[in-house]
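Reproduced below: model06.txt, with compact mmCIF, C-alpha atoms and all ligand atoms.
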```txt
# COMPACT_ATOMS: atom_id res chain seq x y z
CA MET A 1 -80.77 157.79 30.72
CA GLU A 2 -77.27 157.61 32.10
CA MET A 3 -76.34 154.29 33.69
CA PRO A 4 -74.96 154.67 37.22
CA ARG A 5 -71.40 153.48 37.50
CA VAL A 6 -70.71 150.08 39.04
CA ASP A 7 -68.46 150.32 42.08
CA VAL A 8 -69.22 146.87 43.46
CA PRO A 9 -69.65 144.35 40.64
CA PHE A 10 -71.82 141.29 41.26
CA LEU A 11 -68.82 139.03 40.64
CA SER A 12 -65.47 139.94 39.11
CA LEU A 13 -64.09 136.81 37.42
CA LYS A 14 -60.98 138.80 36.59
CA ALA A 15 -60.32 139.36 40.30
CA VAL A 16 -61.16 135.72 41.11
CA ASN A 17 -58.62 134.33 38.64
CA ALA A 18 -55.98 137.05 39.04
CA ARG A 19 -55.16 135.55 42.45
CA HIS A 20 -53.77 132.46 40.70
CA ALA A 21 -52.68 133.97 37.38
CA ASP A 22 -49.12 132.61 37.44
CA GLU A 23 -50.19 129.05 38.19
CA LEU A 24 -53.01 129.17 35.64
CA LYS A 25 -50.67 130.44 32.93
CA ALA A 26 -48.12 127.74 33.74
CA ALA A 27 -50.83 125.06 33.51
CA ALA A 28 -52.02 126.43 30.15
CA ALA A 29 -48.44 126.54 28.85
CA ARG A 30 -47.94 122.91 29.91
CA VAL A 31 -50.94 121.85 27.81
CA ILE A 32 -50.01 124.01 24.83
CA ASP A 33 -46.49 122.56 24.80
CA SER A 34 -47.72 118.97 25.21
CA GLY A 35 -49.38 118.82 21.79
CA TRP A 36 -52.27 116.77 23.29
CA TYR A 37 -55.56 118.61 23.72
CA VAL A 38 -58.49 116.20 24.15
CA LEU A 39 -58.90 113.07 26.36
CA GLY A 40 -55.39 113.00 27.77
CA GLU A 41 -53.43 112.97 31.01
CA GLU A 42 -54.75 116.27 32.38
CA LEU A 43 -58.35 115.09 32.19
CA ALA A 44 -57.52 111.69 33.70
CA ALA A 45 -55.69 113.42 36.55
CA PHE A 46 -58.49 115.95 37.14
CA GLU A 47 -61.13 113.21 37.13
CA ALA A 48 -59.19 111.24 39.75
CA GLU A 49 -58.54 114.34 41.88
CA PHE A 50 -62.12 115.60 41.70
CA ALA A 51 -63.61 112.15 42.47
CA ALA A 52 -61.33 111.83 45.51
CA TRP A 53 -62.23 115.35 46.63
CA CYS A 54 -65.96 114.59 46.40
CA GLY A 55 -65.46 111.24 48.10
CA VAL A 56 -66.93 109.22 45.25
CA ARG A 57 -65.59 106.40 43.08
CA HIS A 58 -65.94 107.93 39.60
CA ALA A 59 -65.83 111.38 37.99
CA ILE A 60 -66.32 111.75 34.24
CA GLY A 61 -65.46 115.10 32.67
CA VAL A 62 -67.94 116.44 30.12
CA GLY A 63 -68.48 119.64 28.16
CA ASN A 64 -70.69 121.54 30.64
CA GLY A 65 -73.13 121.16 33.53
CA LEU A 66 -76.22 120.68 31.36
CA ASP A 67 -74.54 117.83 29.51
CA ALA A 68 -73.49 116.28 32.85
CA LEU A 69 -77.13 116.13 34.00
CA ALA A 70 -78.46 115.06 30.58
CA LEU A 71 -75.84 112.35 30.11
CA LEU A 72 -76.31 110.84 33.54
CA LEU A 73 -80.06 110.48 32.85
CA ARG A 74 -79.30 109.13 29.39
CA GLY A 75 -76.91 106.65 31.01
CA TYR A 76 -79.70 105.37 33.26
CA MET A 77 -81.90 105.01 30.16
CA GLU A 78 -79.22 102.97 28.37
CA LEU A 79 -78.98 100.78 31.48
CA GLY A 80 -82.75 100.23 31.43
CA ARG A 81 -83.41 102.02 34.72
CA ILE A 82 -85.51 104.79 33.12
CA ALA A 83 -87.52 104.78 29.88
CA GLU A 84 -88.81 107.50 27.56
CA GLY A 85 -91.92 109.14 29.04
CA ASP A 86 -90.97 108.36 32.65
CA GLU A 87 -91.20 111.12 35.22
CA VAL A 88 -88.44 112.88 37.14
CA ILE A 89 -89.36 114.99 40.16
CA VAL A 90 -87.52 118.33 40.19
CA PRO A 91 -87.86 121.56 42.20
CA GLY A 92 -89.96 124.16 40.36
CA ASN A 93 -87.57 126.94 41.44
CA THR A 94 -84.36 126.01 39.66
CA PHE A 95 -82.25 127.10 36.72
CA ILE A 96 -83.76 125.87 33.45
CA ALA A 97 -80.83 123.48 32.84
CA SER A 98 -82.27 121.06 35.43
CA PHE A 99 -85.47 120.85 33.33
CA LEU A 100 -83.67 120.76 29.96
CA ALA A 101 -81.59 117.75 31.06
CA ILE A 102 -84.87 115.91 31.64
CA THR A 103 -86.82 117.01 28.56
CA THR A 104 -83.91 116.56 26.16
CA ASN A 105 -84.10 112.85 27.04
CA ARG A 106 -87.89 112.80 26.39
CA LEU A 107 -88.49 112.35 30.09
CA VAL A 108 -91.19 114.31 31.90
CA PRO A 109 -90.26 116.87 34.58
CA VAL A 110 -92.65 116.95 37.53
CA PRO A 111 -91.95 120.27 39.26
CA VAL A 112 -92.74 120.55 42.96
CA GLU A 113 -92.86 123.51 45.31
CA PRO A 114 -89.82 124.09 47.53
CA ASP A 115 -89.57 124.36 51.30
CA PRO A 116 -90.06 128.14 51.66
CA ALA A 117 -87.33 128.44 54.31
CA SER A 118 -84.48 126.66 52.52
CA PHE A 119 -85.65 127.14 48.86
CA ASN A 120 -84.85 123.42 48.43
CA LEU A 121 -86.90 120.25 47.86
CA ASP A 122 -89.18 119.23 50.70
CA PRO A 123 -89.29 115.39 51.06
CA ALA A 124 -92.99 115.42 52.04
CA ARG A 125 -93.99 117.36 48.90
CA VAL A 126 -91.78 115.09 46.82
CA GLU A 127 -93.49 112.00 48.21
CA ALA A 128 -96.92 113.51 47.44
CA ALA A 129 -95.86 114.01 43.78
CA ILE A 130 -94.80 110.40 43.16
CA GLY A 131 -96.87 108.62 40.52
CA ARG A 132 -96.89 105.36 38.59
CA ARG A 133 -94.24 106.55 36.12
CA THR A 134 -91.93 108.34 38.56
CA ARG A 135 -88.44 106.90 38.32
CA ALA A 136 -86.12 109.53 39.75
CA ILE A 137 -85.78 112.55 42.01
CA MET A 138 -83.43 115.33 40.92
CA ALA A 139 -82.37 117.31 43.99
CA VAL A 140 -80.91 120.73 43.21
CA HIS A 141 -78.61 122.15 45.90
CA LEU A 142 -79.88 125.63 45.17
CA TYR A 143 -77.65 128.66 45.86
CA GLY A 144 -75.01 126.32 47.34
CA GLN A 145 -77.05 124.76 50.14
CA LEU A 146 -77.59 121.01 50.24
CA ALA A 147 -81.13 119.78 49.84
CA ASP A 148 -82.41 117.50 52.63
CA MET A 149 -80.57 114.45 51.27
CA PRO A 150 -81.25 112.14 54.26
CA GLY A 151 -85.00 112.86 53.92
CA LEU A 152 -84.97 112.47 50.13
CA HIS A 153 -82.93 109.28 50.43
CA THR A 154 -85.62 107.74 52.63
CA VAL A 155 -88.37 108.66 50.14
CA ALA A 156 -86.31 107.39 47.18
CA ARG A 157 -85.57 104.06 48.84
CA GLU A 158 -89.17 103.51 49.95
CA HIS A 159 -90.45 104.05 46.40
CA GLY A 160 -87.55 102.45 44.50
CA LEU A 161 -86.52 105.73 42.84
CA LEU A 162 -83.13 106.97 41.72
CA LEU A 163 -81.86 110.02 43.59
CA VAL A 164 -79.63 112.31 41.52
CA GLU A 165 -78.02 115.60 42.48
CA ASP A 166 -77.81 118.78 40.44
CA ALA A 167 -74.64 119.90 42.23
CA ALA A 168 -73.83 122.74 39.81
CA GLN A 169 -73.93 125.31 42.63
CA ALA A 170 -72.65 123.21 45.53
CA HIS A 171 -69.03 122.08 45.11
CA GLY A 172 -67.85 120.96 48.55
CA ALA A 173 -71.15 121.40 50.43
CA ALA A 174 -71.21 118.57 52.97
CA TRP A 175 -73.42 116.62 55.36
CA ASP A 176 -71.63 114.78 58.17
CA GLY A 177 -68.41 115.18 56.21
CA ARG A 178 -69.83 113.67 52.99
CA ARG A 179 -69.71 116.03 50.05
CA ALA A 180 -72.14 116.92 47.26
CA GLY A 181 -71.59 114.51 44.40
CA SER A 182 -71.44 111.55 46.78
CA LEU A 183 -74.86 111.94 48.42
CA GLY A 184 -77.10 110.32 45.81
CA ASP A 185 -76.85 107.69 43.06
CA ALA A 186 -75.17 110.14 40.67
CA ALA A 187 -74.56 113.87 40.34
CA GLY A 188 -73.98 116.50 37.68
CA PHE A 189 -71.51 119.35 38.25
CA SER A 190 -70.92 122.52 36.26
CA PHE A 191 -67.55 124.27 36.11
CA PHE A 192 -68.93 127.33 34.31
CA PRO A 193 -66.55 130.23 35.17
CA ALA A 194 -68.91 131.82 37.74
CA LYS A 195 -69.48 128.60 39.74
CA ASN A 196 -67.66 127.92 43.02
CA LEU A 197 -65.19 125.72 41.13
CA GLY A 198 -64.97 127.50 37.79
CA ALA A 199 -62.98 126.77 34.66
CA LEU A 200 -62.01 129.52 32.19
CA GLY A 201 -64.63 128.31 29.76
CA ASP A 202 -67.35 125.66 29.76
CA ALA A 203 -66.83 122.35 31.58
CA GLY A 204 -68.75 119.85 33.71
CA ALA A 205 -68.59 116.42 35.29
CA VAL A 206 -70.72 113.46 36.31
CA THR A 207 -69.87 111.77 39.60
CA THR A 208 -71.17 108.38 40.69
CA GLY A 209 -70.30 105.32 42.72
CA ASP A 210 -72.00 103.15 40.09
CA GLU A 211 -69.42 101.45 37.87
CA ALA A 212 -71.92 100.58 35.11
CA LEU A 213 -73.24 104.14 34.91
CA ALA A 214 -69.72 105.58 34.89
CA GLN A 215 -68.74 103.34 31.98
CA CYS A 216 -71.86 104.27 30.09
CA VAL A 217 -71.39 108.05 30.53
CA ARG A 218 -67.71 107.69 29.56
CA ALA A 219 -68.81 106.13 26.27
CA LEU A 220 -71.72 108.55 25.71
CA ARG A 221 -69.51 111.65 25.98
CA ASN A 222 -67.23 110.26 23.27
CA TYR A 223 -69.55 109.25 20.36
CA GLY A 224 -70.75 106.20 22.31
CA SER A 225 -67.35 104.64 21.89
CA GLU A 226 -65.05 102.78 24.28
CA VAL A 227 -62.69 101.46 21.63
CA LYS A 228 -61.75 103.84 18.84
CA TYR A 229 -64.12 103.57 15.86
CA GLN A 230 -66.33 101.02 17.63
CA HIS A 231 -69.63 102.62 18.60
CA ARG A 232 -71.73 100.69 21.09
CA LEU A 233 -74.13 103.59 21.73
CA ARG A 234 -75.46 106.55 19.76
CA GLY A 235 -73.46 108.95 21.86
CA THR A 236 -72.53 112.58 21.58
CA ASN A 237 -69.39 114.70 21.67
CA SER A 238 -69.15 116.34 25.10
CA ARG A 239 -65.64 116.22 26.52
CA LEU A 240 -63.80 118.30 29.07
CA ASP A 241 -60.71 119.41 27.15
CA GLU A 242 -57.13 119.22 28.41
CA LEU A 243 -56.74 122.98 28.76
CA GLN A 244 -59.80 123.34 31.02
CA ALA A 245 -58.83 120.19 32.94
CA ALA A 246 -55.36 121.60 33.66
CA LEU A 247 -56.86 124.95 34.77
CA LEU A 248 -59.41 123.15 36.96
CA ARG A 249 -56.62 121.17 38.66
CA VAL A 250 -55.16 124.51 39.78
CA LYS A 251 -58.54 125.88 40.88
CA LEU A 252 -59.44 122.69 42.78
CA LYS A 253 -56.57 123.35 45.20
CA TYR A 254 -58.23 126.59 46.31
CA VAL A 255 -61.95 125.72 46.50
CA GLU A 256 -61.94 125.11 50.24
CA GLU A 257 -60.19 128.41 50.91
CA ASP A 258 -62.66 130.10 48.55
CA THR A 259 -65.57 128.55 50.43
CA ARG A 260 -64.19 129.99 53.70
CA LEU A 261 -64.01 133.42 52.05
CA ARG A 262 -67.58 133.09 50.74
CA ARG A 263 -68.83 132.05 54.20
CA ARG A 264 -67.13 135.09 55.71
CA VAL A 265 -68.95 137.41 53.30
CA ALA A 266 -72.26 135.64 54.01
CA MET A 267 -71.78 135.87 57.80
CA ARG A 268 -71.04 139.60 57.55
CA TYR A 269 -74.19 140.15 55.51
CA LEU A 270 -76.20 138.11 58.01
CA ASP A 271 -74.78 140.07 60.96
CA GLY A 272 -74.99 143.48 59.31
CA ILE A 273 -78.23 143.58 57.34
CA ARG A 274 -81.22 144.69 59.40
CA HIS A 275 -84.32 145.69 57.48
CA PRO A 276 -87.99 145.12 58.28
CA HIS A 277 -88.86 144.30 54.65
CA ILE A 278 -85.94 142.06 53.82
CA GLY A 279 -85.83 138.32 54.53
CA LEU A 280 -82.35 136.84 54.92
CA PRO A 281 -81.19 133.35 53.93
CA PHE A 282 -79.80 130.94 56.49
CA ALA A 283 -77.56 127.89 56.60
CA MET A 284 -79.09 124.75 58.14
CA ARG A 285 -75.55 123.72 59.06
CA GLU A 286 -72.33 125.58 58.34
CA GLU A 287 -70.77 122.80 56.25
CA ALA A 288 -73.97 122.23 54.24
CA HIS A 289 -73.87 125.68 52.58
CA VAL A 290 -71.07 126.90 50.30
CA TRP A 291 -72.80 130.21 49.48
CA HIS A 292 -72.65 130.12 45.69
CA LEU A 293 -75.20 132.92 45.95
CA PHE A 294 -76.45 135.14 48.76
CA VAL A 295 -80.16 135.47 48.03
CA LEU A 296 -82.47 137.66 50.06
CA ARG A 297 -86.22 138.13 49.71
CA CYS A 298 -88.00 141.45 49.41
CA ARG A 299 -91.54 142.26 48.29
CA HIS A 300 -90.19 145.49 46.82
CA ARG A 301 -87.47 143.69 44.89
CA GLU A 302 -87.43 145.99 41.83
CA ALA A 303 -87.21 149.12 44.00
CA LEU A 304 -84.43 147.56 46.10
CA GLN A 305 -82.47 146.58 43.00
CA ARG A 306 -82.83 150.10 41.59
CA HIS A 307 -81.74 151.63 44.90
CA LEU A 308 -78.63 149.43 45.05
CA ALA A 309 -77.79 150.18 41.41
CA ALA A 310 -77.99 153.90 42.20
CA CYS A 311 -75.49 153.22 45.02
CA GLY A 312 -73.12 151.58 42.48
CA ILE A 313 -73.92 148.03 43.61
CA GLN A 314 -74.65 145.38 41.00
CA THR A 315 -77.15 142.65 41.89
CA GLN A 316 -78.82 139.82 39.99
CA VAL A 317 -82.06 137.84 40.10
CA HIS A 318 -81.83 134.04 40.28
CA TYR A 319 -84.16 133.62 38.49
CA PRO A 320 -86.74 136.11 37.13
CA LEU A 321 -89.06 133.44 35.63
CA PRO A 322 -89.31 129.78 36.71
CA PRO A 323 -88.71 127.14 34.01
CA HIS A 324 -92.36 126.04 33.76
CA ARG A 325 -93.33 129.65 32.90
CA GLN A 326 -90.64 130.10 30.23
CA PRO A 327 -91.77 130.39 26.59
CA ALA A 328 -89.69 127.26 25.88
CA TYR A 329 -92.23 125.21 27.84
CA ALA A 330 -95.39 127.11 26.83
CA GLY A 331 -98.28 124.69 26.57
CA ARG A 332 -96.10 121.78 27.71
CA LEU A 333 -95.84 122.26 31.45
CA THR A 334 -99.08 123.23 33.08
CA ALA A 335 -98.02 122.98 36.74
CA ARG A 336 -99.46 125.56 39.13
CA LEU A 337 -96.72 126.58 41.55
CA PRO A 338 -97.80 129.73 43.42
CA LEU A 339 -95.00 129.60 45.99
CA THR A 340 -92.33 129.12 43.32
CA GLU A 341 -93.77 132.02 41.34
CA ARG A 342 -93.84 134.26 44.39
CA LEU A 343 -90.22 133.42 45.19
CA HIS A 344 -89.16 134.29 41.67
CA GLY A 345 -90.76 137.70 42.13
CA GLU A 346 -89.03 138.42 45.45
CA VAL A 347 -85.47 137.03 45.29
CA LEU A 348 -82.41 139.25 44.88
CA SER A 349 -78.78 138.10 44.88
CA LEU A 350 -76.16 140.37 46.48
CA PRO A 351 -72.52 140.44 45.34
CA ILE A 352 -70.58 137.49 46.79
CA GLY A 353 -67.36 135.76 45.86
CA PRO A 354 -63.92 134.81 47.13
CA ALA A 355 -62.35 138.06 45.91
CA LEU A 356 -64.93 140.53 47.27
CA ALA A 357 -63.16 143.18 49.38
CA ASP A 358 -64.23 143.80 53.00
CA ALA A 359 -64.88 147.46 52.24
CA ASP A 360 -67.26 146.44 49.44
CA VAL A 361 -69.15 144.11 51.78
CA GLU A 362 -69.57 146.98 54.26
CA ARG A 363 -70.73 149.23 51.47
CA VAL A 364 -73.39 146.73 50.39
CA ILE A 365 -74.62 146.35 53.99
CA ALA A 366 -74.90 150.12 54.46
CA ALA A 367 -76.74 150.55 51.16
CA VAL A 368 -79.22 147.74 51.89
CA ASN A 369 -79.94 149.09 55.37
CA ALA A 370 -80.52 152.57 53.91
CA PHE A 371 -83.22 151.29 51.52
CA ARG A 372 -86.54 153.09 52.03
CA SER A 373 -89.23 150.70 50.87
CA PRO A 374 -92.24 152.19 49.07
CA ALA A 375 -95.32 152.45 51.29
C1 LIG B 1 -75.10 126.41 36.09
C2 LIG B 1 -76.16 125.42 36.37
C3 LIG B 1 -76.40 124.34 35.52
C4 LIG B 1 -75.80 124.19 34.14
O1 LIG B 1 -74.42 124.27 34.05
P1 LIG B 1 -73.73 124.78 32.70
O2 LIG B 1 -72.32 124.40 32.87
O3 LIG B 1 -73.95 126.25 32.61
O4 LIG B 1 -74.38 124.04 31.57
C5 LIG B 1 -77.33 123.39 35.90
N1 LIG B 1 -78.01 123.51 37.06
C6 LIG B 1 -77.82 124.56 37.89
C7 LIG B 1 -78.62 124.61 39.16
C8 LIG B 1 -76.91 125.55 37.58
O5 LIG B 1 -76.74 126.59 38.40
```

When written as structure tokens, how does the structure in this file appear?
Amino acid sequence: MEMPRVDVPFLSLKAVNARHADELKAAAARVIDSGWYVLGEELAAFEAEFAAWCGVRHAIGVGNGLDALALLLRGYMELGRIAEGDEVIVPGNTFIASFLAITTNRLVPVPVEPDPASFNLDPARVEAAIGRRTRAIMAVHLYGQLADMPGLHTVAREHGLLLVEDAAQAHGAAWDGRRAGSLGDAAGFSFFPAKNLGALGDAGAVTTGDEALAQCVRALRNYGSEVKYQHRLRGTNSRLDELQAALLRVKLKYVEEDTRLRRRVAMRYLDGIRHPHIGLPFAMREEAHVWHLFVLRCRHREALQRHLAACGIQTQVHYPLPPHRQPAYAGRLTARLPLTERLHGEVLSLPIGPALADADVERVIAAVNAFRSPA
């Protein structure tokens, strides 16, 4: 079978980065010429700039988003706030990295069903899932929209739980002017190239206002060492290198502009798409959603995806199978999550990004509206 050609790619990273090619190349050249490639001035500067941008005391650069989440939980274990076998409440409908960060630390994920309107954690369902060994709630700001942090904060405080953010999709999403990364006790960010703030390789960061946790994660990412060749903890090697840090310092200057461009695409989709069998996403508040993804719901998802592909439009599914149903967790996670499973069967992500042309947005809208759903 011949593959239809792609006229509107899901996300062109080449187009995203081409807008700043000169600045990115200058930053890379600066690092190459410096002769210093790991744990240097670029990382220190990026950490300070990113922490200030998030409105939080500390940012610690690490190798990727999964490591950020895993190391912040490990940090709390080293500090005696969580112990092996303790439970962490997590949304069932997330990327598997949220679960892996928990299980890699021999902690137990307790998946809960999302609020069907926002796809995010529902504080009432979270409260109902709290047990004797629950120590933390991991809120995932799915698709770029903040979870109900005020509601989750209340539940966490009442039950003495830590509240951590998986902010991998939500750089800059804000509630009353306070940004993701500053809304809980600690947060993990990913700077994977396709994220809203993307490096040109793997990178991540932990943010926190907690001095003790920051110190601990700083040691853990570097062999558990604070002073060279003295190892207080059995740490790992997960550092954000100088080259990626320098590139991220360039990209950080443009995230807010990129968010405006993403919002514009999302608003056009919301205004233009009219279809009886398609459910559209919504933003609770404008500032609370940075539109990492534009995810619609359709009971005829496979047919819709095929139709769009035939029109030259590339789409993706985030995600086809929820973590608790993945082979990796076979026989280990027995949760029954019918709503989560239904969502995974119905969601479809349309092209969105800061470099998506207006004409392409119009083309996607026309193609979606022309979809004839099977009877
Ligand atoms: C991307 C992502 C991660 C993991 O980040 P990596 O940098 O790819 O390791 C974690 N959680 C969510 C919700 C993500 O989207």

Contacts between ligand LIG 1 (chain B) and chain A, please, where a residue of chain A counts if it comes within 10 Å (with only C-alpha atoms and all ligand atoms); show its shortest atom pair and distance in Å to one decimal, rows by chain and ascending number, as CSV.
```
residue,atom,partner,partner_atom,distance
A:Val62,CA,B:LIG1,O2,9.5
A:Gly63,CA,B:LIG1,O2,7.7
A:Asn64,CA,B:LIG1,O2,4.0
A:Gly65,CA,B:LIG1,O2,3.4
A:Leu66,CA,B:LIG1,O4,3.8
A:Asp67,CA,B:LIG1,O4,6.5
A:Ala68,CA,B:LIG1,O4,7.9
A:Leu69,CA,B:LIG1,C5,7.5
A:Ala70,CA,B:LIG1,O4,9.9
A:Asn93,CA,B:LIG1,C7,9.5
A:Thr94,CA,B:LIG1,C7,5.9
A:Phe95,CA,B:LIG1,C7,5.0
A:Ile96,CA,B:LIG1,N1,7.2
A:Ala97,CA,B:LIG1,C5,4.6
A:Ser98,CA,B:LIG1,N1,5.2
A:Phe99,CA,B:LIG1,N1,8.8
A:Leu100,CA,B:LIG1,C5,9.1
A:Ala101,CA,B:LIG1,C5,8.6
A:Ala139,CA,B:LIG1,C7,9.5
A:Val140,CA,B:LIG1,C7,6.1
A:His141,CA,B:LIG1,C7,7.2
A:Leu142,CA,B:LIG1,C7,6.2
A:Tyr143,CA,B:LIG1,O5,7.8
A:Gly144,CA,B:LIG1,C7,9.1
A:Glu165,CA,B:LIG1,N1,9.6
A:Asp166,CA,B:LIG1,N1,5.8
A:Ala167,CA,B:LIG1,C7,6.9
A:Ala168,CA,B:LIG1,C8,4.7
A:Gln169,CA,B:LIG1,O5,5.2
A:Ala170,CA,B:LIG1,C7,8.8
A:Gly188,CA,B:LIG1,C5,7.9
A:Phe189,CA,B:LIG1,O1,7.1
A:Ser190,CA,B:LIG1,O2,4.1
A:Phe191,CA,B:LIG1,O2,5.8
A:Phe192,CA,B:LIG1,O2,4.7
A:Pro193,CA,B:LIG1,O2,8.5
A:Ala194,CA,B:LIG1,C1,8.4
A:Lys195,CA,B:LIG1,C1,7.1
A:Gly198,CA,B:LIG1,O2,9.4
A:Ala199,CA,B:LIG1,O2,9.8
A:Gly201,CA,B:LIG1,O2,9.2
A:Asp202,CA,B:LIG1,O2,6.0
A:Ala203,CA,B:LIG1,O2,6.0
A:Gly204,CA,B:LIG1,O2,5.8
A:Ala205,CA,B:LIG1,O2,9.1
A:His292,CA,B:LIG1,O5,9.1
A:Leu293,CA,B:LIG1,O5,10.0
A:His318,CA,B:LIG1,O5,9.2
```

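Distance check against A:Ala128 using all atoms listed in the file: of A:Val108, A:Val155, A:Ala21, A:Val368, the minimum falls on A:Val155.
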
*To one decimal in Å, tell me the separation between atom CA of A:Leu11 and atom CA of A:Thr315.*
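Between atom CA of A:Leu11 and atom CA of A:Thr315 the gap is 9.2 Å.
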
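In terms of minimum interatomic distance to A:Arg274, A:Asn369 ranks closest within A:Asn369, A:His171, A:Ala59, A:Ala245, counting only C-alpha atoms.
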
Test item: which residues lie within 6 Å of (-73.2, 112.1, 40.2) counting all atoms listed in the file, as a compact mmCIF listing (two decimals) with C-alpha atoms, in the coordinates of the input:
```txt
# COMPACT_ATOMS: atom_id res chain seq x y z
CA GLY A 181 -71.59 114.51 44.40
CA ALA A 186 -75.17 110.14 40.67
CA ALA A 187 -74.56 113.87 40.34
CA GLY A 188 -73.98 116.50 37.68
CA VAL A 206 -70.72 113.46 36.31
CA THR A 207 -69.87 111.77 39.60
CA THR A 208 -71.17 108.38 40.69
```

*Nearest to A:Arg178, chosen from A:Ala44, A:Cys54, A:Leu348, A:Leu243, with all atoms listed in the file counted in the distances*: A:Cys54

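The two atoms in question, atom CA of A:Ala212 and atom CA of A:Val90, are spaced 24.2 Å apart.
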
*Between atom CA of A:Glu41 and atom CA of A:Leu24, what is the distance, to one decimal in Å?*
16.9 Å

*Identify, on the basis of all atoms listed in the file, every residue whose closest approach to A:Glu256 does not exceed 12 Å; exclude the query and any residue fewer than 3 positions from it along the same chain; express the result as a PyMOL selection string.*
chain A and resi 53-54+170-174+179+196-197+251-253+259-263+287+290+354

_For A:Arg306, the nearest of the candidates A:Ala367, A:Val56, A:Val16, A:Val38, counting all atoms listed in the file_ =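 Smallest distance to A:Arg306 is found for A:Ala367.
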
*Fewer than 5 positions away in the same chain doesn't count, so skip those; otherwise give me all residues within 6 Å of A:Leu107, counting only C-alpha atoms, as a ChimeraX atom specification.*
/A:84-87,102

*Restricting the calculation to only C-alpha atoms, which member of A:Val250, A:Val361, A:Leu337, A:Val126 is positioned closest to A:Asn17?*
A:Val250

*asked:* Here is a test: counting only C-alpha atoms, which residue of A:Ala83, A:Leu247, A:Leu73, A:Ile273 is nearest to A:Thr104?
replied: A:Leu73

*Compile the contact shell of A:Cys216 as a ChimeraX atom specification: residues with an atom at most 10 Å away, counting only C-alpha atoms, same-chain residues fewer than 5 positions apart removed.*
/A:71-72,74-76,78-79,211,221,224-226,232-233,235

*Radius query 7 Å about (-83.7, 129.6, 55.8), atoms used: all atoms listed in the file, as a ChimeraX atom specification*: /A:117-118,281-283

*Extract, using all atoms listed in the file, all DNA, RNA and protein residues at most 7 Å from A:Ile89, discarding same-chain residues fewer than 2 positions from it, and format them as a ChimeraX atom specification.*
/A:87,109-111,136-138
